[in-house]
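Participant: What follows is query-v2.pdb; its format and atoms are PDB, C-alpha atoms and all ligand atoms.
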MODEL        1
ATOM      1  CA  MET F 185     102.268  87.660  77.310
ATOM      2  CA  ARG F 186     100.756  84.170  77.485
ATOM      3  CA  LEU F 187     102.408  81.956  80.067
ATOM      4  CA  VAL F 188     102.069  78.404  81.333
ATOM      5  CA  MET F 189     103.429  77.383  84.753
ATOM      6  CA  LEU F 190     104.804  73.843  84.934
ATOM      7  CA  GLY F 191     106.016  71.982  87.994
ATOM      8  CA  ALA F 192     105.093  69.375  90.570
ATOM      9  CA  PRO F 193     102.268  69.987  93.049
ATOM     10  CA  GLY F 194     103.685  72.353  95.647
ATOM     11  CA  ALA F 195     106.580  73.561  93.489
ATOM     12  CA  GLY F 196     105.372  77.134  93.905
ATOM     13  CA  LYS F 197     103.471  77.612  90.641
ATOM     14  CA  GLY F 198     100.572  79.433  92.272
ATOM     15  CA  THR F 199     102.835  81.614  94.421
ATOM     16  CA  GLN F 200     104.824  82.737  91.390
ATOM     17  CA  ALA F 201     101.812  82.999  89.085
ATOM     18  CA  LYS F 202     100.190  85.511  91.466
ATOM     19  CA  LYS F 203     103.342  87.638  91.548
ATOM     20  CA  ILE F 204     103.635  87.554  87.754
ATOM     21  CA  ALA F 205      99.962  88.466  87.373
ATOM     22  CA  ASP F 206     100.383  91.448  89.729
ATOM     23  CA  LYS F 207     103.560  92.707  88.135
ATOM     24  CA  TYR F 208     102.481  92.396  84.500
ATOM     25  CA  GLY F 209      98.786  93.185  85.020
ATOM     26  CA  ILE F 210      97.469  89.970  83.488
ATOM     27  CA  PRO F 211      94.947  87.478  84.934
ATOM     28  CA  HIS F 212      96.088  84.470  86.963
ATOM     29  CA  ILE F 213      94.039  81.475  85.841
ATOM     30  CA  SER F 214      94.270  78.536  88.241
ATOM     31  CA  THR F 215      92.160  75.526  87.314
ATOM     32  CA  GLY F 216      92.580  74.152  90.853
ATOM     33  CA  ASP F 217      91.134  77.415  92.267
ATOM     34  CA  ILE F 218      88.266  77.259  89.770
ATOM     35  CA  PHE F 219      87.435  73.691  90.847
ATOM     36  CA  ARG F 220      87.703  74.526  94.566
ATOM     37  CA  ALA F 221      85.387  77.513  94.131
ATOM     38  CA  ASN F 222      82.897  75.256  92.305
ATOM     39  CA  ILE F 223      83.067  72.677  95.107
ATOM     40  CA  LYS F 224      82.510  75.377  97.703
ATOM     41  CA  ASN F 225      79.490  76.706  95.781
ATOM     42  CA  GLY F 226      78.061  73.206  95.272
ATOM     43  CA  THR F 227      77.900  73.430  91.474
ATOM     44  CA  GLU F 228      77.482  70.410  89.185
ATOM     45  CA  LEU F 229      81.087  70.835  87.976
ATOM     46  CA  GLY F 230      82.276  70.936  91.587
ATOM     47  CA  LYS F 231      80.400  67.734  92.410
ATOM     48  CA  ARG F 232      81.928  65.940  89.444
ATOM     49  CA  ALA F 233      85.481  67.186  90.109
ATOM     50  CA  LYS F 234      85.563  66.563  93.854
ATOM     51  CA  ALA F 235      85.842  62.763  93.823
ATOM     52  CA  TYR F 236      88.918  62.918  91.587
ATOM     53  CA  MET F 237      90.550  65.733  93.513
ATOM     54  CA  ASP F 238      90.083  64.062  96.883
ATOM     55  CA  GLN F 239      91.901  60.992  95.603
ATOM     56  CA  GLY F 240      94.764  63.029  94.185
ATOM     57  CA  ALA F 241      93.792  62.006  90.640
ATOM     58  CA  LEU F 242      93.370  64.370  87.718
ATOM     59  CA  VAL F 243      89.908  65.512  86.775
ATOM     60  CA  PRO F 244      89.076  64.139  83.265
ATOM     61  CA  ASP F 245      90.285  66.338  80.389
ATOM     62  CA  GLU F 246      86.753  66.971  79.123
ATOM     63  CA  LEU F 247      85.788  68.704  82.382
ATOM     64  CA  VAL F 248      88.639  71.187  82.134
ATOM     65  CA  VAL F 249      89.470  71.842  78.478
ATOM     66  CA  ASP F 250      86.289  73.751  77.512
ATOM     67  CA  LEU F 251      86.392  75.704  80.733
ATOM     68  CA  VAL F 252      89.885  77.030  79.951
ATOM     69  CA  ALA F 253      89.079  77.558  76.269
ATOM     70  CA  ASP F 254      86.189  79.831  77.304
ATOM     71  CA  ARG F 255      88.263  81.621  79.913
ATOM     72  CA  VAL F 256      91.143  82.603  77.590
ATOM     73  CA  LYS F 257      88.681  84.109  75.122
ATOM     74  CA  GLN F 258      87.391  86.620  77.667
ATOM     75  CA  ALA F 259      88.222  90.290  77.237
ATOM     76  CA  ASP F 260      90.598  90.513  80.212
ATOM     77  CA  CYS F 261      92.848  87.906  78.555
ATOM     78  CA  GLU F 262      93.547  90.034  75.511
ATOM     79  CA  LYS F 263      97.003  91.112  76.707
ATOM     80  CA  GLY F 264      97.828  87.663  78.038
ATOM     81  CA  TYR F 265      97.483  85.546  81.165
ATOM     82  CA  VAL F 266      99.312  83.110  83.351
ATOM     83  CA  LEU F 267      97.902  79.592  83.373
ATOM     84  CA  ASP F 268      98.554  77.716  86.614
ATOM     85  CA  GLY F 269      97.673  74.022  86.842
ATOM     86  CA  PHE F 270      96.701  73.798  83.175
ATOM     87  CA  PRO F 271      97.634  72.065  80.928
ATOM     88  CA  ARG F 272      98.366  68.950  82.975
ATOM     89  CA  THR F 273      98.258  66.314  80.230
ATOM     90  CA  ILE F 274      99.455  66.197  76.623
ATOM     91  CA  PRO F 275      95.850  66.152  75.289
ATOM     92  CA  GLN F 276      95.100  69.293  77.350
ATOM     93  CA  ALA F 277      98.166  71.027  75.876
ATOM     94  CA  GLU F 278      97.160  70.003  72.361
ATOM     95  CA  SER F 279      93.611  71.296  72.885
ATOM     96  CA  LEU F 280      94.960  74.592  74.203
ATOM     97  CA  ASP F 281      97.278  74.931  71.214
ATOM     98  CA  ALA F 282      94.367  74.286  68.847
ATOM     99  CA  VAL F 283      92.258  76.985  70.551
ATOM    100  CA  LEU F 284      95.162  79.452  70.443
ATOM    101  CA  LYS F 285      95.946  78.660  66.822
ATOM    102  CA  ASP F 286      92.368  79.523  65.877
ATOM    103  CA  MET F 287      92.896  82.913  67.504
ATOM    104  CA  GLY F 288      96.303  83.404  65.825
ATOM    105  CA  GLN F 289      98.060  83.146  69.196
ATOM    106  CA  LYS F 290     100.575  80.916  70.957
ATOM    107  CA  ILE F 291     102.112  80.315  74.375
ATOM    108  CA  ASP F 292     105.138  82.612  74.771
ATOM    109  CA  HIS F 293     106.813  80.930  77.747
ATOM    110  CA  ALA F 294     106.338  77.711  79.698
ATOM    111  CA  ILE F 295     108.031  78.242  83.056
ATOM    112  CA  ASN F 296     109.074  75.008  84.705
ATOM    113  CA  VAL F 297     109.558  75.429  88.454
ATOM    114  CA  GLU F 298     111.853  72.600  89.526
ATOM    115  CA  VAL F 299     111.652  71.201  93.067
ATOM    116  CA  PRO F 300     112.734  67.634  93.970
ATOM    117  CA  ASP F 301     110.069  65.288  95.335
ATOM    118  CA  GLU F 302     111.798  65.092  98.744
ATOM    119  CA  ASN F 303     111.095  68.786  99.376
ATOM    120  CA  ILE F 304     107.490  68.634  98.238
ATOM    121  CA  VAL F 305     105.813  66.612 100.997
ATOM    122  CA  LYS F 306     107.268  68.910 103.657
ATOM    123  CA  ARG F 307     106.177  72.003 101.790
ATOM    124  CA  MET F 308     102.631  70.778 101.313
ATOM    125  CA  SER F 309     101.974  69.907 104.952
ATOM    126  CA  GLY F 310     102.711  73.564 105.775
ATOM    127  CA  ARG F 311     100.536  75.022 103.030
ATOM    128  CA  ARG F 312      97.366  76.808 104.129
ATOM    129  CA  ALA F 313      94.802  77.912 101.588
ATOM    130  CA  CYS F 314      91.980  80.406 101.434
ATOM    131  CA  VAL F 315      89.168  78.914  99.381
ATOM    132  CA  SER F 316      87.383  82.269  99.235
ATOM    133  CA  CYS F 317      90.035  84.323  97.448
ATOM    134  CA  GLY F 318      92.644  81.748  96.393
ATOM    135  CA  ALA F 319      95.454  83.166  98.554
ATOM    136  CA  THR F 320      98.085  80.665  99.683
ATOM    137  CA  TYR F 321     100.251  80.739 102.779
ATOM    138  CA  HIS F 322     102.887  78.562 104.399
ATOM    139  CA  ILE F 323     103.094  78.194 108.157
ATOM    140  CA  GLU F 324     106.881  78.766 108.077
ATOM    141  CA  HIS F 325     107.810  80.391 104.772
ATOM    142  CA  ALA F 326     104.822  82.691 104.215
ATOM    143  CA  PRO F 327     102.645  82.872 107.355
ATOM    144  CA  SER F 328      99.432  84.892 107.472
ATOM    145  CA  LYS F 329      99.511  87.873 109.856
ATOM    146  CA  LYS F 330      96.903  86.280 112.077
ATOM    147  CA  GLU F 331      97.148  82.520 112.432
ATOM    148  CA  GLY F 332      94.484  80.677 110.443
ATOM    149  CA  ILE F 333      92.955  83.842 108.931
ATOM    150  CA  CYS F 334      93.418  85.104 105.368
ATOM    151  CA  ASP F 335      95.218  88.484 105.205
ATOM    152  CA  ARG F 336      93.363  89.427 102.035
ATOM    153  CA  CYS F 337      89.764  88.578 102.838
ATOM    154  CA  GLY F 338      89.528  87.566 106.517
ATOM    155  CA  GLU F 339      88.172  84.054 105.877
ATOM    156  CA  ALA F 340      89.426  80.968 107.726
ATOM    157  CA  LEU F 341      92.411  79.187 106.160
ATOM    158  CA  ILE F 342      92.334  75.448 105.569
ATOM    159  CA  LEU F 343      94.778  72.592 105.150
ATOM    160  CA  ARG F 344      93.552  71.191 101.834
ATOM    161  CA  ASP F 345      92.370  67.567 102.091
ATOM    162  CA  ASP F 346      94.587  66.690  99.153
ATOM    163  CA  ASP F 347      97.685  68.187 100.856
ATOM    164  CA  ARG F 348      97.844  65.355 103.399
ATOM    165  CA  ALA F 349     101.031  63.291 102.989
ATOM    166  CA  GLU F 350      99.392  60.131 101.523
ATOM    167  CA  THR F 351      97.499  62.107  98.866
ATOM    168  CA  VAL F 352     100.560  64.206  98.051
ATOM    169  CA  LYS F 353     102.434  60.980  97.209
ATOM    170  CA  THR F 354      99.678  59.972  94.794
ATOM    171  CA  ARG F 355      99.664  63.448  93.262
ATOM    172  CA  LEU F 356     103.422  63.291  92.754
ATOM    173  CA  SER F 357     103.181  60.005  90.875
ATOM    174  CA  VAL F 358     100.306  61.381  88.791
ATOM    175  CA  TYR F 359     102.519  64.398  88.055
ATOM    176  CA  HIS F 360     105.447  62.254  86.896
ATOM    177  CA  GLU F 361     103.243  60.083  84.705
ATOM    178  CA  GLN F 362     100.867  62.573  83.159
ATOM    179  CA  THR F 363     102.217  66.105  83.524
ATOM    180  CA  GLN F 364     106.006  65.842  83.337
ATOM    181  CA  PRO F 365     105.848  64.920  79.594
ATOM    182  CA  LEU F 366     104.759  68.538  79.027
ATOM    183  CA  ILE F 367     108.333  69.622  79.736
ATOM    184  CA  GLU F 368     109.417  67.891  76.561
ATOM    185  CA  TYR F 369     106.305  69.112  74.732
ATOM    186  CA  TYR F 370     107.066  72.791  75.396
ATOM    187  CA  GLY F 371     110.801  72.152  74.996
ATOM    188  CA  GLY F 372     109.984  71.030  71.459
ATOM    189  CA  GLN F 373     108.132  74.306  70.860
ATOM    190  CA  GLY F 374     111.207  76.252  71.972
ATOM    191  CA  CYS F 375     109.454  78.142  74.768
ATOM    192  CA  LEU F 376     110.515  76.142  77.853
ATOM    193  CA  GLU F 377     112.329  77.979  80.665
ATOM    194  CA  ASP F 378     113.601  76.108  83.739
ATOM    195  CA  VAL F 379     113.755  77.843  87.114
ATOM    196  CA  ASP F 380     115.202  76.478  90.371
ATOM    197  CA  GLY F 381     112.176  76.396  92.690
ATOM    198  CA  THR F 382     114.152  75.517  95.830
ATOM    199  CA  MET F 383     115.332  79.112  96.310
ATOM    200  CA  ASP F 384     113.310  81.605  98.391
ATOM    201  CA  MET F 385     110.115  82.846  96.789
ATOM    202  CA  GLU F 386     111.644  86.252  96.008
ATOM    203  CA  GLU F 387     114.694  84.701  94.366
ATOM    204  CA  VAL F 388     112.524  82.421  92.261
ATOM    205  CA  PHE F 389     110.483  85.450  91.220
ATOM    206  CA  ALA F 390     113.613  87.419  90.300
ATOM    207  CA  ALA F 391     114.754  84.526  88.102
ATOM    208  CA  ILE F 392     111.366  84.485  86.354
ATOM    209  CA  CYS F 393     111.433  88.264  85.830
ATOM    210  CA  ARG F 394     114.851  87.944  84.187
ATOM    211  CA  ILE F 395     113.330  85.480  81.731
ATOM    212  CA  LEU F 396     110.279  87.641  81.031
ATOM    213  CA  GLY F 397     112.168  90.926  80.884
ATOM    214  CA  GLU F 398     111.613  93.622  83.505
TER     215      GLU F 398
HETATM  216  P1  LIG K 401      98.596  72.140  93.000
HETATM  217  O1  LIG K 401      98.635  73.641  92.831
HETATM  218  O2  LIG K 401      98.964  71.743  94.369
HETATM  219  O3  LIG K 401      99.374  71.410  91.953
HETATM  220  P2  LIG K 401      95.958  72.414  91.957
HETATM  221  O4  LIG K 401      95.252  73.377  92.807
HETATM  222  O5  LIG K 401      96.528  72.889  90.664
HETATM  223  O6  LIG K 401      97.088  71.711  92.820
HETATM  224  O7  LIG K 401      95.015  71.181  91.618
HETATM  225  C1  LIG K 401      94.315  70.476  92.617
HETATM  226  C2  LIG K 401      93.579  69.321  91.951
HETATM  227  O8  LIG K 401      92.622  69.843  91.019
HETATM  228  C3  LIG K 401      94.440  68.366  91.147
HETATM  229  O9  LIG K 401      95.040  67.366  91.955
HETATM  230  C4  LIG K 401      93.406  67.800  90.164
HETATM  231  O10 LIG K 401      92.591  66.821  90.793
HETATM  232  C5  LIG K 401      92.528  68.995  89.875
HETATM  233  N1  LIG K 401      92.998  69.747  88.687
HETATM  234  C6  LIG K 401      93.410  71.040  88.659
HETATM  235  N2  LIG K 401      93.744  71.396  87.412
HETATM  236  C7  LIG K 401      93.555  70.310  86.628
HETATM  237  C8  LIG K 401      93.736  70.039  85.240
HETATM  238  N3  LIG K 401      94.219  70.963  84.393
HETATM  239  N4  LIG K 401      93.432  68.781  84.801
HETATM  240  C9  LIG K 401      92.972  67.850  85.622
HETATM  241  N5  LIG K 401      92.786  68.028  86.932
HETATM  242  C10 LIG K 401      93.073  69.251  87.443
HETATM  243  P1  LIG K 402     101.739  74.964  93.612
HETATM  244  O1  LIG K 402     100.803  76.002  93.072
HETATM  245  O2  LIG K 402     102.843  74.620  92.651
HETATM  246  O3  LIG K 402     101.033  73.750  94.111
HETATM  247  P2  LIG K 402     102.130  76.825  95.860
HETATM  248  O4  LIG K 402     102.503  78.103  95.203
HETATM  249  O5  LIG K 402     100.779  76.702  96.413
HETATM  250  O6  LIG K 402     102.485  75.580  94.874
HETATM  251  O7  LIG K 402     103.219  76.525  97.007
HETATM  252  C1  LIG K 402     103.124  75.378  97.836
HETATM  253  C2  LIG K 402     103.466  75.767  99.277
HETATM  254  O8  LIG K 402     104.852  76.101  99.379
HETATM  255  C3  LIG K 402     102.704  76.999  99.774
HETATM  256  O9  LIG K 402     102.447  76.846 101.153
HETATM  257  C4  LIG K 402     103.684  78.158  99.531
HETATM  258  O10 LIG K 402     103.473  79.225 100.463
HETATM  259  C5  LIG K 402     105.040  77.475  99.750
HETATM  260  N1  LIG K 402     106.085  77.983  98.858
HETATM  261  C6  LIG K 402     105.956  78.430  97.575
HETATM  262  N2  LIG K 402     107.161  78.793  97.060
HETATM  263  C7  LIG K 402     108.083  78.558  98.033
HETATM  264  C8  LIG K 402     109.507  78.727  98.115
HETATM  265  N3  LIG K 402     110.206  79.200  97.081
HETATM  266  N4  LIG K 402     110.113  78.370  99.273
HETATM  267  C9  LIG K 402     109.382  77.868 100.310
HETATM  268  N5  LIG K 402     108.046  77.693 100.312
HETATM  269  C10 LIG K 402     107.391  78.021  99.186
HETATM  270 ZN    ZN K 403      91.231  84.970 101.344
ENDMDL
END
Take the structure in this file and express it as structure tokens.
Ligand code: ADP
Ligand code: ADP
Ligand code: ZN

Facilitator:
Amino acid sequence: MRLVMLGAPGAGKGTQAKKIADKYGIPHISTGDIFRANIKNGTELGKRAKAYMDQGALVPDELVVDLVADRVKQADCEKGYVLDGFPRTIPQAESLDAVLKDMGQKIDHAINVEVPDENIVKRMSGRRACVSCGATYHIEHAPSKKEGICDRCGEALILRDDDRAETVKTRLSVYHEQTQPLIEYYGGQGCLEDVDGTMDMEEVFAAICRILGE
């Protein structure tokens, strides 16, 4: 089962992608997590990506396309995967399709988690992230057991620099300009599924499971 998560920043793509990955036993591939891990480890890729990320801009396609192409060819992706945060532009989607076509594969479902812009800024200011293991929390909707500490790995949680209100506004306009066209792109392929992302996390997940089949 090869899935793509679509939706605005903060719509809940990562939250749902992790649940899907757990339930169906497939890897969760988050390009944002991959970049943040590279920044934390001081790699060349991290250094190049950071300036774009801090501004709320997209990292150039050439820095992300090969990375994902290599990742989906790894052995653990044989039964499928859930892509979160990729593709984010039409050229990224076209590159992914070309890579999949070469392997005789295709995307089975593109799940579009719909949340209006008004809800997003509020959601993001409450998000707390663990850069060590990729876990995500929300101070009201999904708090960690111990404030500021990751339940899974014990590291300190952060408010991402790019989750501050001004940067979130930039990210939303980048989303509408560059990523939203993917809704039509996957609609045209007949694999688009819309889900109401304003419900509770568990309700959103139940809606996704109905689409995927229990
Ligand atoms: P969110 O989950 O809030 O939408 P992500 O963690 O997916 O945010 O991405 C954080 C940042 O990483 C983006 O704003 C962008 O700068 C960069 N990024 C992640 N994935 C991609 C991608 N596929 N193409 C370009 N930039 C990306
Ligand atoms: P994305 O990956 O799309 O950027 P996340 O999954 O990181 O979004 O969710 C953004 C923030 O909103 C996180 O703090 C998360 O805990 C919270 N969140 C996710 N889904 C919901 C929901 N259905 N209702 C309320 N808060 C949510
Ligand atoms: Zn952690």

Participant: Rank F:Arg255, F:Arg312, F:Lys234, F:His212 by their smallest atom-to-atom distance to ligand LIG 402 (chain K), using only C-alpha atoms and all ligand atoms, and report the top residue only.

Facilitator: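 Closest candidate: F:Arg312.
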
Participant: Set the distance at 9 Å and use only C-alpha atoms: which residues neighbour segment 374-388 of chain F once local chain neighbours fewer than 6 positions away are removed? I'd like the list as a list in words.

Facilitator: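 Non-adjacent residues within range: Gly191, Ala195, Gly196, Thr199, Gln200, Ile291, Asp292, His293, Ala294, Ile295, Asn296, Val297, Glu298, Val299, Pro300, Asn303, His325, Ile367, Glu368 and Ile395 of chain F.
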
Participant: Can you tell me how far atom CA of Gln373 of chain F sits from atom CA of Glu278 of chain F, in Å to one decimal?

Facilitator: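 Rounded to one decimal, the two atoms are 11.9 Å apart.
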
Participant: Padding 5 Å on each side, edges along x, y and z: where is the centre of the box around the listed atoms of ligand LIG 401 (chain K), and how long are its edges in Å to one decimal? Output it as lines of an AutoDock Vina configuration file.

Facilitator:
center_x = 96.0
center_y = 70.2
center_z = 89.4
size_x = 16.8
size_y = 16.8
size_z = 20.0

Participant: Of the residues F:Ser279, F:Met308, F:Asp346, F:Gln289, which is the one nearest to Tyr236 of chain F, using all atoms listed in the file?

Facilitator: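 Using all atoms listed in the file, the shortest distance to Tyr236 of chain F belongs to F:Asp346.
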
Participant: Given the file shown, enumerate the residues that the PyMOL selection byres (((chain F and resi 355) around 10) and not hetatm) captures and present them as a ChimeraX atom specification.

Facilitator: /F:192-193,237,239-242,346-347,349-354,356-361

Participant: Let me make sure I understand: among F:Cys317, F:Ala235, F:Val283, F:Ile274, which one has the smallest atom-to-atom distance to Val252 of chain F if we use only C-alpha atoms?

Facilitator: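 Nearest candidate to Val252 of chain F out of F:Cys317, F:Ala235, F:Val283, F:Ile274: F:Val283.
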
Participant: One decimal, in Å: what's the spacing between atom C2 of ligand LIG 401 (chain K) and atom CA of Glu324 of chain F?

Facilitator: 22.9 Å

Participant: Quick one: residues within 6 Å of ligand ZN 403 (chain K), with only C-alpha atoms and all ligand atoms, as an MDAnalysis selection string?

Facilitator: chainID F and resid 314 316:317 319 334 336:337 339

Participant: Measuring between all atoms listed in the file, which one of F:Ser328, F:Thr363, F:Gln258, F:Thr215 shows the shortest distance to ligand LIG 401 (chain K)?

Facilitator: F:Thr215
